[in-house]
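Peer 1: I am attaching a structure below and will ask some questions about it afterwards.
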6 protein chains.
Amino acid sequence: MSVAEAVATVAGMLRARLSHVALGSPDVDRARRFYEDAVGLRPDAEAPDGIVRLGLGLGAHVLELREGDGIDHFALEVSDAAGLAGLERELARRGVATRWVEPGGDHPRALSFTDPDGHRVELHGRIDRSGEGLGDPGRRPVRIHHVTVTTPDVPALEEFYVSTLGFAVSDRMGERFTWLRCNAEHHTLAIVEGPSGGLDHLCFEISCWEDIRTWCDELAARGVAITWGPGRHGPGNNLFVMFDDADGVHVELSCEMERFWDDRVEYPRPREWAEDPRTVNLWGPVPAWREA
Amino acid sequence: MSVAEAVATVAGMLRARLSHVALGSPDVDRARRFYEDAVGLRPDAEAPDGIVRLGLGLGAHVLELREGDGIDHFALEVSDAAGLAGLERELARRGVATRWVEPGGDHPRALSFTDPDGHRVELHGRIDRSGEGLGDPGRRPVRIHHVTVTTPDVPALEEFYVSTLGFAVSDRMGERFTWLRCNAEHHTLAIVEGPSGGLDHLCFEISCWEDIRTWCDELAARGVAITWGPGRHGPGNNLFVMFDDADGVHVELSCEMERFWDDRVEYPRPREWAEDPRTVNLWGPVPAWREA
Amino acid sequence: MSVAEAVATVAGMLRARLSHVALGSPDVDRARRFYEDAVGLRPDAEAPDGIVRLGLGLGAHVLELREGDGIDHFALEVSDAAGLAGLERELARRGVATRWVEPGGDHPRALSFTDPDGHRVELHGRIDRSGEGLGDPGRRPVRIHHVTVTTPDVPALEEFYVSTLGFAVSDRMGERFTWLRCNAEHHTLAIVEGPSGGLDHLCFEISCWEDIRTWCDELAARGVAITWGPGRHGPGNNLFVMFDDADGVHVELSCEMERFWDDRVEYPRPREWAEDPRTVNLWGPVPAWREA
Amino acid sequence: MSVAEAVATVAGMLRARLSHVALGSPDVDRARRFYEDAVGLRPDAEAPDGIVRLGLGLGAHVLELREGDGIDHFALEVSDAAGLAGLERELARRGVATRWVEPGGDHPRALSFTDPDGHRVELHGRIDRSGEGLGDPGRRPVRIHHVTVTTPDVPALEEFYVSTLGFAVSDRMGERFTWLRCNAEHHTLAIVEGPSGGLDHLCFEISCWEDIRTWCDELAARGVAITWGPGRHGPGNNLFVMFDDADGVHVELSCEMERFWDDRVEYPRPREWAEDPRTVNLWGPVPAWREA
Amino acid sequence: MSVAEAVATVAGMLRARLSHVALGSPDVDRARRFYEDAVGLRPDAEAPDGIVRLGLGLGAHVLELREGDGIDHFALEVSDAAGLAGLERELARRGVATRWVEPGGDHPRALSFTDPDGHRVELHGRIDRSGEGLGDPGRRPVRIHHVTVTTPDVPALEEFYVSTLGFAVSDRMGERFTWLRCNAEHHTLAIVEGPSGGLDHLCFEISCWEDIRTWCDELAARGVAITWGPGRHGPGNNLFVMFDDADGVHVELSCEMERFWDDRVEYPRPREWAEDPRTVNLWGPVPAWREA
Amino acid sequence: MSVAEAVATVAGMLRARLSHVALGSPDVDRARRFYEDAVGLRPDAEAPDGIVRLGLGLGAHVLELREGDGIDHFALEVSDAAGLAGLERELARRGVATRWVEPGGDHPRALSFTDPDGHRVELHGRIDRSGEGLGDPGRRPVRIHHVTVTTPDVPALEEFYVSTLGFAVSDRMGERFTWLRCNAEHHTLAIVEGPSGGLDHLCFEISCWEDIRTWCDELAARGVAITWGPGRHGPGNNLFVMFDDADGVHVELSCEMERFWDDRVEYPRPREWAEDPRTVNLWGPVPAWREA
């Protein structure tokens, strides 16, 4: 049994991590330059399918850009690739259509389905991430960390991800916000009240508080405004800043998120946070677009 | 309503902090020199009662030393001093004898009682802590943080502190260890399986991970051996090191403990940790005296 | 010639630093507890005049609190105490009434006058600040740094402080905001558009970016909300956070402010900043109360 | 309009950054090993033209080495490549001969000319710098930052770069030293009194003060002596150290340089610094070769 | 003379650094995944000889894995490759058989021999290490640092490496442990009492104390237990942590090791340390497997 | 046996630390203001003997100033006060006259004598240093660390301190410089070639490299020039900066000095360093006054 498997064996719970997010953009070239110049991602070799793929260092892509609008899909790398067949059966049992797709870039064959809210999800096996470490962590993200999607019915979509895929709920803020985990990090997927099938934000992990200052100064030097933070979220306890990409998509940088040890702790039902601005920023300030 | 009161109003839950721990020692002068030289505490003016009191900077004392052995008592500073009368009635209702005592040093009149296991506890109102900040935090503790007491019956003693005084349980490790909070910190009192009425360790807070290196080097230069750590506890997630005082009492230095926000979060029943060495040190090493 | 004098001799320019700010409060005791608990100031010995004075460590007071409302006065410690007589004559020549007052606390006899906008100012000689260093800089301010006052006519009040007292203008944002220096720091006094004779905010210096995180977390633990920041000002280039005291007075914590070397550089006329939110926060977010 | 363009549009002012410096060396192989071993640059694939090109991580080259002596040329990457035609016309109008060259390595076609003092300059469009981030910033530079050239007539050469190319003057020290900017950094080109057509030093940016210690220790371990610093320059306020390459060329490492915000601030005429050693090192020490 | 040579010329003393360690493993694929996932090494392109080679960033390999058990050999990169012929003669003179081997990967032709205790050693010339810097130093080692081998007769094996190859002894702990240097670092090879021809541990250098926390947390998140430390060794004064690889081989991470300046200091005979647990950890804790 | 005694028992070797240095000054008031304003020392209460005593925080004095010139004496706090009688006899045996003096301030009765070179030395027992910790370590020294005296005959004076008082020699640079220890720090007393009975410099310890930047910036803001450094000494390996006090006395700030563990290591004869500028600054620069 490998080391990774040692912590992966938690009965009934999904063990996975976010591998990429795919966005549509009305101006793919402009969006690509933003992620290169401001976020420090690095383009893959030209792909014949016309999709722009960007990664960290020499690693596989973590972001896809194509003509369009909003979120196209997100993908999860599952620790136990052999278990994909079981997920396929479970989805079928619940009447969710699935199919196997061949993604471009370096990602392996993936099981694809659409959640009840219209978000497309891909599940696949192990990716060689050894190239991701080839980057200066002070000026580019360490990894892609989580994605937050929107739905008018948060409890229903939470129920789908918990019962079908095996996510665990870490925290909830009433019926408006829920945070779900599939590894030691407090959340890899979050769901917030909003339009059906929408994207609230995507998040990259950075190293530490010291780097938050560097990022804010470098973004300012490139003319990119911080829209929220620096601050500290209640659920997850992570430090964060947020800004918008060239299409107005919210992008978060985060560090020091709370960890869960499901292999040795029995966590009771989720913590329930007050519907209060201080929940989403323990320090205080919350922008208008978050409070609504 | 004052600022402090704003966070103090959580129905039914004690809001307090540790104010001092009182130890017996077979050689008070040797013990006092240890806490001065190795821990960086500062003696109060000579007291007529022969008890040595030591504080942080120019602050009120946080440690008392007297002829004897083991823990004499510990004291809690209660946010709502007016509520002491209610605690007095509640203790009486349960048949716990109480009395008011006049402690030496700068501490106010305190309500004193003995827990079912024989530990004496003092409860009192506000102390002026403005003198505590007058110290170099890299070389002396920031504050006294928690005390861990021993009992052969952990669930019973936990029940006493929860139902009588209003402590909340943050975490448990089976029936062998329990961590209790009375403010935002994960625990101010902990209870571990051991002799009746005993002391497991007392803990001082220090500033940060960087200071742990400084402390280890300075303790080494003074001939004091670290007995455990540096490491990271599972319950509380705090970084720590431990060493023994001149009488063999375990002393902990700790930082970055997890915080609870009881005024805006509904926490479910406690997390239950495996009875596993990794619970008390997520990083691994556990000394023989802790594993037993 | 002493060391301090070596840098003090810049022809015609005031060499001074802020020594204290005096505020009125409808609830002096509540205000005092705020500055003790949340800001870490330390009360002076009881004063017979009923005014509460608070300092840093064992230093002389930097804040006065008395029954009332708004700013009562602020005081400047002048490097060249012998020059006070010259300032007295200059003020008289311009028809500004002056008088000598005996402040309480440890501050020396001061020359007092009222600016055209109604702010009372005290000027005095050297204070022994050796007690200020007796504090843990991670949990209490390093020093009182600047005061920002309000007026409906910014250019007129700027002109008064420049021509009468010898302040130098470092930066301007149109006719709405001006920053004035009287030592190496970018500003010790700032003037912003607002009610006549009012206070915009007072600022304490802290050590570094790392401490901003500690302060934000500690303020959150005490229930005090950050109202702006962390961010970085354009004029002064300093990192900052702001929150309100118990009476709603804006309090700033700041570090890493730009320095001026008037003894060896000839600075041209002030830089003129755009009237743009990014001027007051290079990183982006600006709260409603600042934008108005 | 892209993000980068948003800050690039400042009427009449050049927006550019240094892309490479080309040096002659009597022993190219020895020089190359110095920049690899001591500075951490990485050689490009073998070039057919016999010129050694070295870059940061997998980025395009930032340094060229060829048989010869002194500076061969330096190159600027211009934000607005379309504007090169305008620069070509402006240079022609002033009687400066230009030609288009095809540099080796990954750099695009460049407009080349010689300044009145004999320095050859290349101007070209956008370079993909995404490979530059692939390096450990603690042991190799973050980027090439500025070049300082020599001339017997500083005001004349300053005038050339300002009026012809659109550089802005940030600071001056009499007629002996001038610092010019073409982006947010305080200077990208500096001019100091010295031989006609000479090179004073070239500078790489590093991350932070902490790295200065690492660099000094690593250079010492490789037998390379620091010749100046660590110190802090007055103009630019940057922290620095300097050492000589294998041919005696002065090399600087620098961080935390002052930034200018020309898109939102109107800067008056340059600051004028005293001809005083403290100008070039606010902290004090200045080596004999700088004072001369 | 190049820079590197400047410090390399110390009469009679070997100038070299560790270039790789080759291990046998009963499960090469499992071992490889451990070094990729937990240690952050990066696999070379597939080798036809079936040996797995792993490096740092894009650098040449630092670890070889093949079917087998224990240490296969270790290799040293010698500063003065021309001196290999002299070493070959010296070994022959002492009756040690040598041969020239062609290692796989990017390493040059090497002189191979077996020490009296059965450890195979390779000596070779310069390796291009410019690819090693292409890695995030917070999450992967900076370089391979030293190897500690076992023998029942420590003084004899020490004598072999000193007199034959020219290592210098930095420190000794009786006849049980000896630390040998061949560059500025306190030791590149160490010898400890144990089985003949065995491996005690291999060590990677990391950047700093701050990274030790990150490593411990990341290893914990991957289910890898620290077996010793964090601590500080007496000999070498380096900070360290240790854990086991998938085959139980001890792996050390270390930083801040003491440096020696043999080109300008005459070091007397080695320091002699007490056979005391505090020698191998100045801070205190020593695990059972080290004390034995 | 107390903790401090545990490490103090090294046969024949002095265990002591520097307690104060006494300087003469032609302008005591100017000197005092320098040490208050620039170094951050704090004056004791007025002494009837007209001597100015300055300490750290609320600690006992570490510096004495009186009318005069050069060094008046320095004092050592001896761990084993009972051993002073033995030292008295030993000095008498060697024909060195001694007497007991009553120093002012808080220092105890001291044994006083004059070394062969004319430096007066005081030896005394334990001082309560608990008040020293009451200072912000980023802006004032942590403690007084060592004193370096001058003599035309370095070996003779070294021999005196070793054989009479029991100092151990840590390092030597020919017959021009020698470094002596009496506790874990590499040196508490150093001797350098120069005028008989003179003072080369006195040194305060500060916390860390980060503070060196703060000190340099703060000294610059007060008009005090750094005369040497930042750099790193070979002997002691400490980081340092130096500046002159108001009378031209060299003052050093130092951190991270090498430690010796005489209770568990047998150190051979001293290391012998080359008479080379790099010995006194591993990084390179050495000012004219040090090279002479």
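Ordering of the structure tokens sets the chain letters (A, B, ...); residue numbers start at 1 within each chain; ligands are numbered from 1 in the order shown.
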What's around range 199-201 of chain D at 7 Å? Count only C-alpha atoms, leave out sequence neighbours fewer than 4 positions away in its own chain, and write the answer as a PyMOL selection string.
Peer 2: chain D and resi 70-71+147-150+249-252
Peer 1: How about saving the chosen residues, N, CA, C and O atoms kept, as a PDB file, in the first residue's frame?
Peer 2:
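The file below, part-v1.pdb, is the result:
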```
ATOM      1  N   GLY D  70      33.721  45.224 -21.988  1.00  0.00           N
ATOM      2  CA  GLY D  70      32.721  46.243 -21.661  1.00  0.00           C
ATOM      3  C   GLY D  70      31.351  45.872 -22.164  1.00  0.00           C
ATOM      4  O   GLY D  70      31.073  44.729 -22.540  1.00  0.00           O
ATOM      5  N   ILE D  71      30.487  46.874 -22.204  1.00  0.00           N
ATOM      6  CA  ILE D  71      29.100  46.629 -22.585  1.00  0.00           C
ATOM      7  C   ILE D  71      28.968  46.673 -24.108  1.00  0.00           C
ATOM      8  O   ILE D  71      29.461  47.595 -24.753  1.00  0.00           O
ATOM      9  N   VAL D 147      20.233  48.848 -15.647  1.00  0.00           N
ATOM     10  CA  VAL D 147      21.613  48.972 -16.075  1.00  0.00           C
ATOM     11  C   VAL D 147      22.022  50.422 -15.855  1.00  0.00           C
ATOM     12  O   VAL D 147      21.212  51.335 -16.044  1.00  0.00           O
ATOM     13  N   THR D 148      23.254  50.632 -15.398  1.00  0.00           N
ATOM     14  CA  THR D 148      23.774  51.982 -15.173  1.00  0.00           C
ATOM     15  C   THR D 148      24.975  52.190 -16.078  1.00  0.00           C
ATOM     16  O   THR D 148      25.950  51.448 -15.987  1.00  0.00           O
ATOM     17  N   VAL D 149      24.869  53.180 -16.947  1.00  0.00           N
ATOM     18  CA  VAL D 149      25.925  53.430 -17.920  1.00  0.00           C
ATOM     19  C   VAL D 149      26.688  54.697 -17.560  1.00  0.00           C
ATOM     20  O   VAL D 149      26.210  55.518 -16.779  1.00  0.00           O
ATOM     21  N   THR D 150      27.881  54.855 -18.150  1.00  0.00           N
ATOM     22  CA  THR D 150      28.722  56.000 -17.809  1.00  0.00           C
ATOM     23  C   THR D 150      28.905  56.934 -19.008  1.00  0.00           C
ATOM     24  O   THR D 150      28.860  56.514 -20.165  1.00  0.00           O
ATOM     25  N   VAL D 249      33.343  43.288 -13.698  1.00  0.00           N
ATOM     26  CA  VAL D 249      32.132  44.083 -13.905  1.00  0.00           C
ATOM     27  C   VAL D 249      31.337  44.106 -12.602  1.00  0.00           C
ATOM     28  O   VAL D 249      31.141  43.061 -11.977  1.00  0.00           O
ATOM     29  N   HIS D 250      30.878  45.295 -12.205  1.00  0.00           N
ATOM     30  CA  HIS D 250      30.091  45.397 -10.977  1.00  0.00           C
ATOM     31  C   HIS D 250      28.699  44.823 -11.214  1.00  0.00           C
ATOM     32  O   HIS D 250      28.014  45.197 -12.176  1.00  0.00           O
ATOM     33  N   VAL D 251      28.278  43.943 -10.325  1.00  0.00           N
ATOM     34  CA  VAL D 251      26.946  43.341 -10.392  1.00  0.00           C
ATOM     35  C   VAL D 251      26.222  43.680  -9.102  1.00  0.00           C
ATOM     36  O   VAL D 251      26.786  43.553  -8.018  1.00  0.00           O
ATOM     37  N   GLU D 252      24.975  44.122  -9.212  1.00  0.00           N
ATOM     38  CA  GLU D 252      24.197  44.493  -8.042  1.00  0.00           C
ATOM     39  C   GLU D 252      23.021  43.536  -7.876  1.00  0.00           C
ATOM     40  O   GLU D 252      22.429  43.093  -8.869  1.00  0.00           O
TER      41      GLU D 252
END
```
Peer 1: Identify, on the basis of only C-alpha atoms, every residue whose closest approach to Asp49 in chain A does not exceed 9 Å; exclude the query and any residue fewer than 3 positions from it along the same chain; express the result as a list in words.
Peer 2: Glu46, Val52 and Gly104 of chain A
Peer 1: Quick one: write out the picked residues with C-alpha atoms as a PDB file, in the first residue's frame?
Peer 2:
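File produced: again_8.pdb:
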```
ATOM      1  CA  GLU A  46      -0.545  24.651 -28.502  1.00  0.00           C
ATOM      2  CA  VAL A  52      -6.029  27.220 -24.137  1.00  0.00           C
ATOM      3  CA  GLY A 104      -6.846  17.258 -24.097  1.00  0.00           C
TER       4      GLY A 104
END
```
Peer 1: Write out as a PyMOL selection string the set of residues from range 15-124 of chain C that DSSP, computed on the backbone, places in alpha helix (DSSP H).
Peer 2: chain C and resi 28-37+84-93
Peer 1: CA of His145 in chain A and CA of Gly234 in chain A are how many Å apart?
Peer 2: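 One can read the CA of His145 in chain A to CA of Gly234 in chain A distance as 17.2 Å.
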Peer 1: Compute the chain D side of the contact with chain E at 12 Å, counting only C-alpha atoms, and hand it back as a VMD selection string.
Peer 2: chain D and resid 27 to 44 54 to 59 131 to 141 210 to 211 214 217 to 225 244 to 247
Peer 1: For the selection just defined, write its residues with C-alpha atoms to a file, as a JSON list (two decimals), in the first residue's frame.
Peer 2:
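And here's out.json as it stands now:
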```json
[["chain", "number", "residue", "atom", "x", "y", "z"],
["D", 27, "ASP", "CA", 37.30, 34.85, -21.30],
["D", 28, "VAL", "CA", 33.71, 34.01, -22.16],
["D", 29, "ASP", "CA", 33.82, 30.56, -20.66],
["D", 30, "ARG", "CA", 35.07, 31.83, -17.32],
["D", 31, "ALA", "CA", 32.45, 34.59, -17.35],
["D", 32, "ARG", "CA", 29.71, 32.10, -18.15],
["D", 33, "ARG", "CA", 30.70, 29.81, -15.31],
["D", 34, "PHE", "CA", 30.59, 32.76, -12.94],
["D", 35, "TYR", "CA", 27.05, 33.69, -13.92],
["D", 36, "GLU", "CA", 25.98, 30.04, -13.70],
["D", 37, "ASP", "CA", 27.67, 29.16, -10.41],
["D", 38, "ALA", "CA", 27.55, 32.41, -8.48],
["D", 39, "VAL", "CA", 24.50, 34.20, -9.90],
["D", 40, "GLY", "CA", 22.40, 31.14, -10.78],
["D", 41, "LEU", "CA", 21.66, 31.96, -14.41],
["D", 42, "ARG", "CA", 20.90, 29.09, -16.78],
["D", 43, "PRO", "CA", 22.40, 28.73, -20.26],
["D", 44, "ASP", "CA", 20.21, 28.66, -23.34],
["D", 54, "LEU", "CA", 21.91, 32.99, -20.08],
["D", 55, "GLY", "CA", 18.43, 33.29, -18.60],
["D", 56, "LEU", "CA", 16.43, 32.83, -15.43],
["D", 57, "GLY", "CA", 14.78, 29.42, -15.07],
["D", 58, "LEU", "CA", 13.45, 28.46, -18.47],
["D", 59, "GLY", "CA", 12.96, 32.08, -19.50],
["D", 131, "GLY", "CA", 9.58, 30.50, -18.09],
["D", 132, "GLU", "CA", 11.31, 33.01, -15.81],
["D", 133, "GLY", "CA", 9.18, 32.02, -12.86],
["D", 134, "LEU", "CA", 10.61, 28.52, -12.88],
["D", 135, "GLY", "CA", 13.36, 29.20, -10.43],
["D", 136, "ASP", "CA", 13.96, 29.12, -6.73],
["D", 137, "PRO", "CA", 13.90, 32.82, -5.89],
["D", 138, "GLY", "CA", 16.11, 32.40, -2.85],
["D", 139, "ARG", "CA", 19.08, 31.27, -4.90],
["D", 140, "ARG", "CA", 18.73, 33.00, -8.24],
["D", 141, "PRO", "CA", 17.52, 36.46, -9.23],
["D", 210, "GLU", "CA", 16.04, 37.82, 4.12],
["D", 211, "ASP", "CA", 17.47, 36.66, 0.79],
["D", 214, "THR", "CA", 21.43, 33.97, 1.96],
["D", 217, "ASP", "CA", 26.58, 33.59, 2.62],
["D", 218, "GLU", "CA", 26.34, 31.64, -0.64],
["D", 219, "LEU", "CA", 28.63, 34.06, -2.46],
["D", 220, "ALA", "CA", 31.12, 33.79, 0.41],
["D", 221, "ALA", "CA", 30.98, 30.00, 0.17],
["D", 222, "ARG", "CA", 31.90, 30.34, -3.52],
["D", 223, "GLY", "CA", 34.75, 32.73, -2.80],
["D", 224, "VAL", "CA", 33.03, 35.82, -4.21],
["D", 225, "ALA", "CA", 33.54, 38.95, -2.13],
["D", 244, "ASP", "CA", 32.27, 41.88, -9.21],
["D", 245, "ASP", "CA", 31.90, 39.26, -11.91],
["D", 246, "ALA", "CA", 34.89, 37.28, -13.19],
["D", 247, "ASP", "CA", 35.92, 40.24, -15.40]]
```
